[in-house]
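Report on one structure; see the data block that follows.
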Amino acid sequence: MITLLSIYNKLLNKYGYQGWWPLIEHEGNNPTKTGSIKGYHVNDYSFPKNDFQRFEICIGVILTQNTNWVNVEKSLNNLYKNDFLSPEKIINNIEKVKELIKPSGYFNIKAGYLFNFSKFYLSLKARLPSRDELLSVKGIGKETADSILLYAYNQPIFVVDVYTKRIFNNLRIINSINYEEIRAFFENELPKDYRLFQEFHALIVEHAKNHYIKKPYGLNDFLV
DNA sequence: TTCCAGGCAATAC
DNA sequence: GTATTGCATGGA
């Protein structure tokens with residue numbers, strides 16, 4: 001009997017704690033994996049520590065839509081150096097935002113997304129948003145909403161990305177491309193622990209980068 | 001040069 | 001519900 005928990009443990013044994021979500025406003029306790037951001041916090045789930053870190057995570061989640069994380073780091077550093085990692089600054093000068101986030105691609109579209117989210121974020125007045133509220137913001141789809149809830153608000157919501165679908169369909173553990181169906185499967189099979197969900201999703205991404213980029217996917221996959 | 005990257009919205013069936 | 005397309009930079 002293959003359980004999701006057994007797969008999680010195999011991934012953890014092989015790749016170790018991933019330290020997600022990386023933060024630039026924090027001296028991490030492990031070396032940077034790629035790029036310039038060193039704020040990976042290995043086996044420490046006490047982040048975000050404050051509202052600044054929470055907002056930074058949300059911005060990073062939006063910028064990394066269909067984009068390499070190293071490119072997102074460049075944009076985050078640009079925003080940080082120019083003191084643009086706040087909703088007030090973002091809604092105040094959208095043209096400057098476009099310039100600063102160019103490295104992470106789709107900069108015209110994403111600047112609009114950051115504007116929409118910043119307006120929404122301010123309207124919350126620091127309270128926890130619901131999933132439906134997040135999904136009502138143009139630019140926030142299912143994966144982005146769930147990533148924000150899981151990593152910025154520590155809510156036990158399982159994030160389903162293209163890698164999750166690729167790996168678990170390939171292993172014949174699921175047979176579905178439906179987002180909500182897959183999310184429900186993981187959330188029902190696993191203990192509802194946000195720390196487990198954060199680590200599991202990060203490990204899925206790491207495993208996919210190693211074995212699920214080039215076809216045939218997962219040849220000799222050690223997970224099963 | 002080509003391919004890919006921690007998606008989303010709009011559109012067409 | 002599912003499939004297709006535009007959005008863009010930068011690294012392998």
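Labels used: A, B, ... for chains in the order of the structure tokens, numbers from 1 for residues in each chain, and numbers from 1 for ligands as shown.
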Which residues are near DG6 of chain B? Cut-off 8 Å, only C-alpha atoms (C1' of nucleotides), ignore same chain within fewer than 2 positions. Put them as a compact mmCIF listing (two decimals) with C-alpha atoms, in the first residue's frame.
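Full text of selection04.txt as output:
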# COMPACT_ATOMS: atom_id res chain seq x y z
CA THR A 64 6.72 33.17 -10.19
CA GLN A 65 3.67 32.28 -12.31
CA ASN A 66 5.12 30.23 -15.16
CA THR A 67 8.54 31.75 -14.49
CA ASN A 68 11.89 30.50 -13.24
CA TRP A 69 12.48 31.41 -9.58
CA ASP A 161 0.86 22.69 -9.60
CA VAL A 205 8.92 20.80 -7.11
At most 12 Å is the cut-off: for each residue in segment 128-222 of chain A with any atom that close to an atom of segment 1-11 of chain C, write down the nearest atom pair and the distance in Å rounded to one decimal, counting only C-alpha atoms (C1' of nucleotides), chain first then increasing number, as a tab-separated table.
residue	atom	partner	partner_atom	distance
A:Ser176	CA	C:DT2	C1'	11.9
A:Ile177	CA	C:DT2	C1'	9.6
A:Asn178	CA	C:DG1	C1'	8.9
A:Tyr179	CA	C:DG1	C1'	11.4
> What is the atom CA of Gly28 of chain A to atom CA of Tyr45 of chain A distance in Å?
Replying inline: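 One can read the atom CA of Gly28 of chain A to atom CA of Tyr45 of chain A distance as 12.5 Å.
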>> as a ChimeraX atom specification, please: every residue in segment 16-218 of chain A that a backbone DSSP assignment puts in alpha helix (DSSP H).
In response: /A:51-63,69-81,87-92,94-100,107-124,131-135,142-147,162-170,179-189,194-211
>> Should the cut-off be 10 Å, what would the residue list for chain A against chain C look like, counting only C-alpha atoms (C1' of nucleotides), as a list in words?
In response: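 Output check: Thr67, Asn68, Val70, Asn71, Val72, Ile101, Lys102, Pro103, Ser104, Gly105, Tyr106, Phe107, Asn108, Ile109, Lys110, Ile177 and Asn178 of chain A.
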> What residues in chain B lie within 6 Å of chain A, counting only C-alpha atoms (C1' of nucleotides), written as a VMD selection string?
Replying inline: chain B and resid 5 7 to 8
> Which residue, A:Tyr151, A:Leu190, A:Met1, A:Phe117, has the smallest gap to Leu135 of chain A when you use only C-alpha atoms?
Replying inline: A:Phe117
> atom CA of Asp221 of chain A and atom CA of Leu4 of chain A, how far apart in Å?
Replying inline: 14.8 Å
>> Report as a list in words all protein, DNA and RNA residues lying within 12 Å of Arg54 of chain A, evaluated on only C-alpha atoms (C1' of nucleotides), omitting residues in the same chain fewer than 4 positions from it.
In response: Trp21, Pro22, Leu23, Ile24, Glu25, Ser46, Phe47, Pro48, Lys49, Asn50, Cys58, Ile59, Gly60, Val61, Leu85, Ser86, Pro87, Tyr121, Ala126, Arg127, Leu128, Ser147, Ile148, Leu149, Leu150, Tyr151, Ala152, Tyr153 and Asn154 of chain A
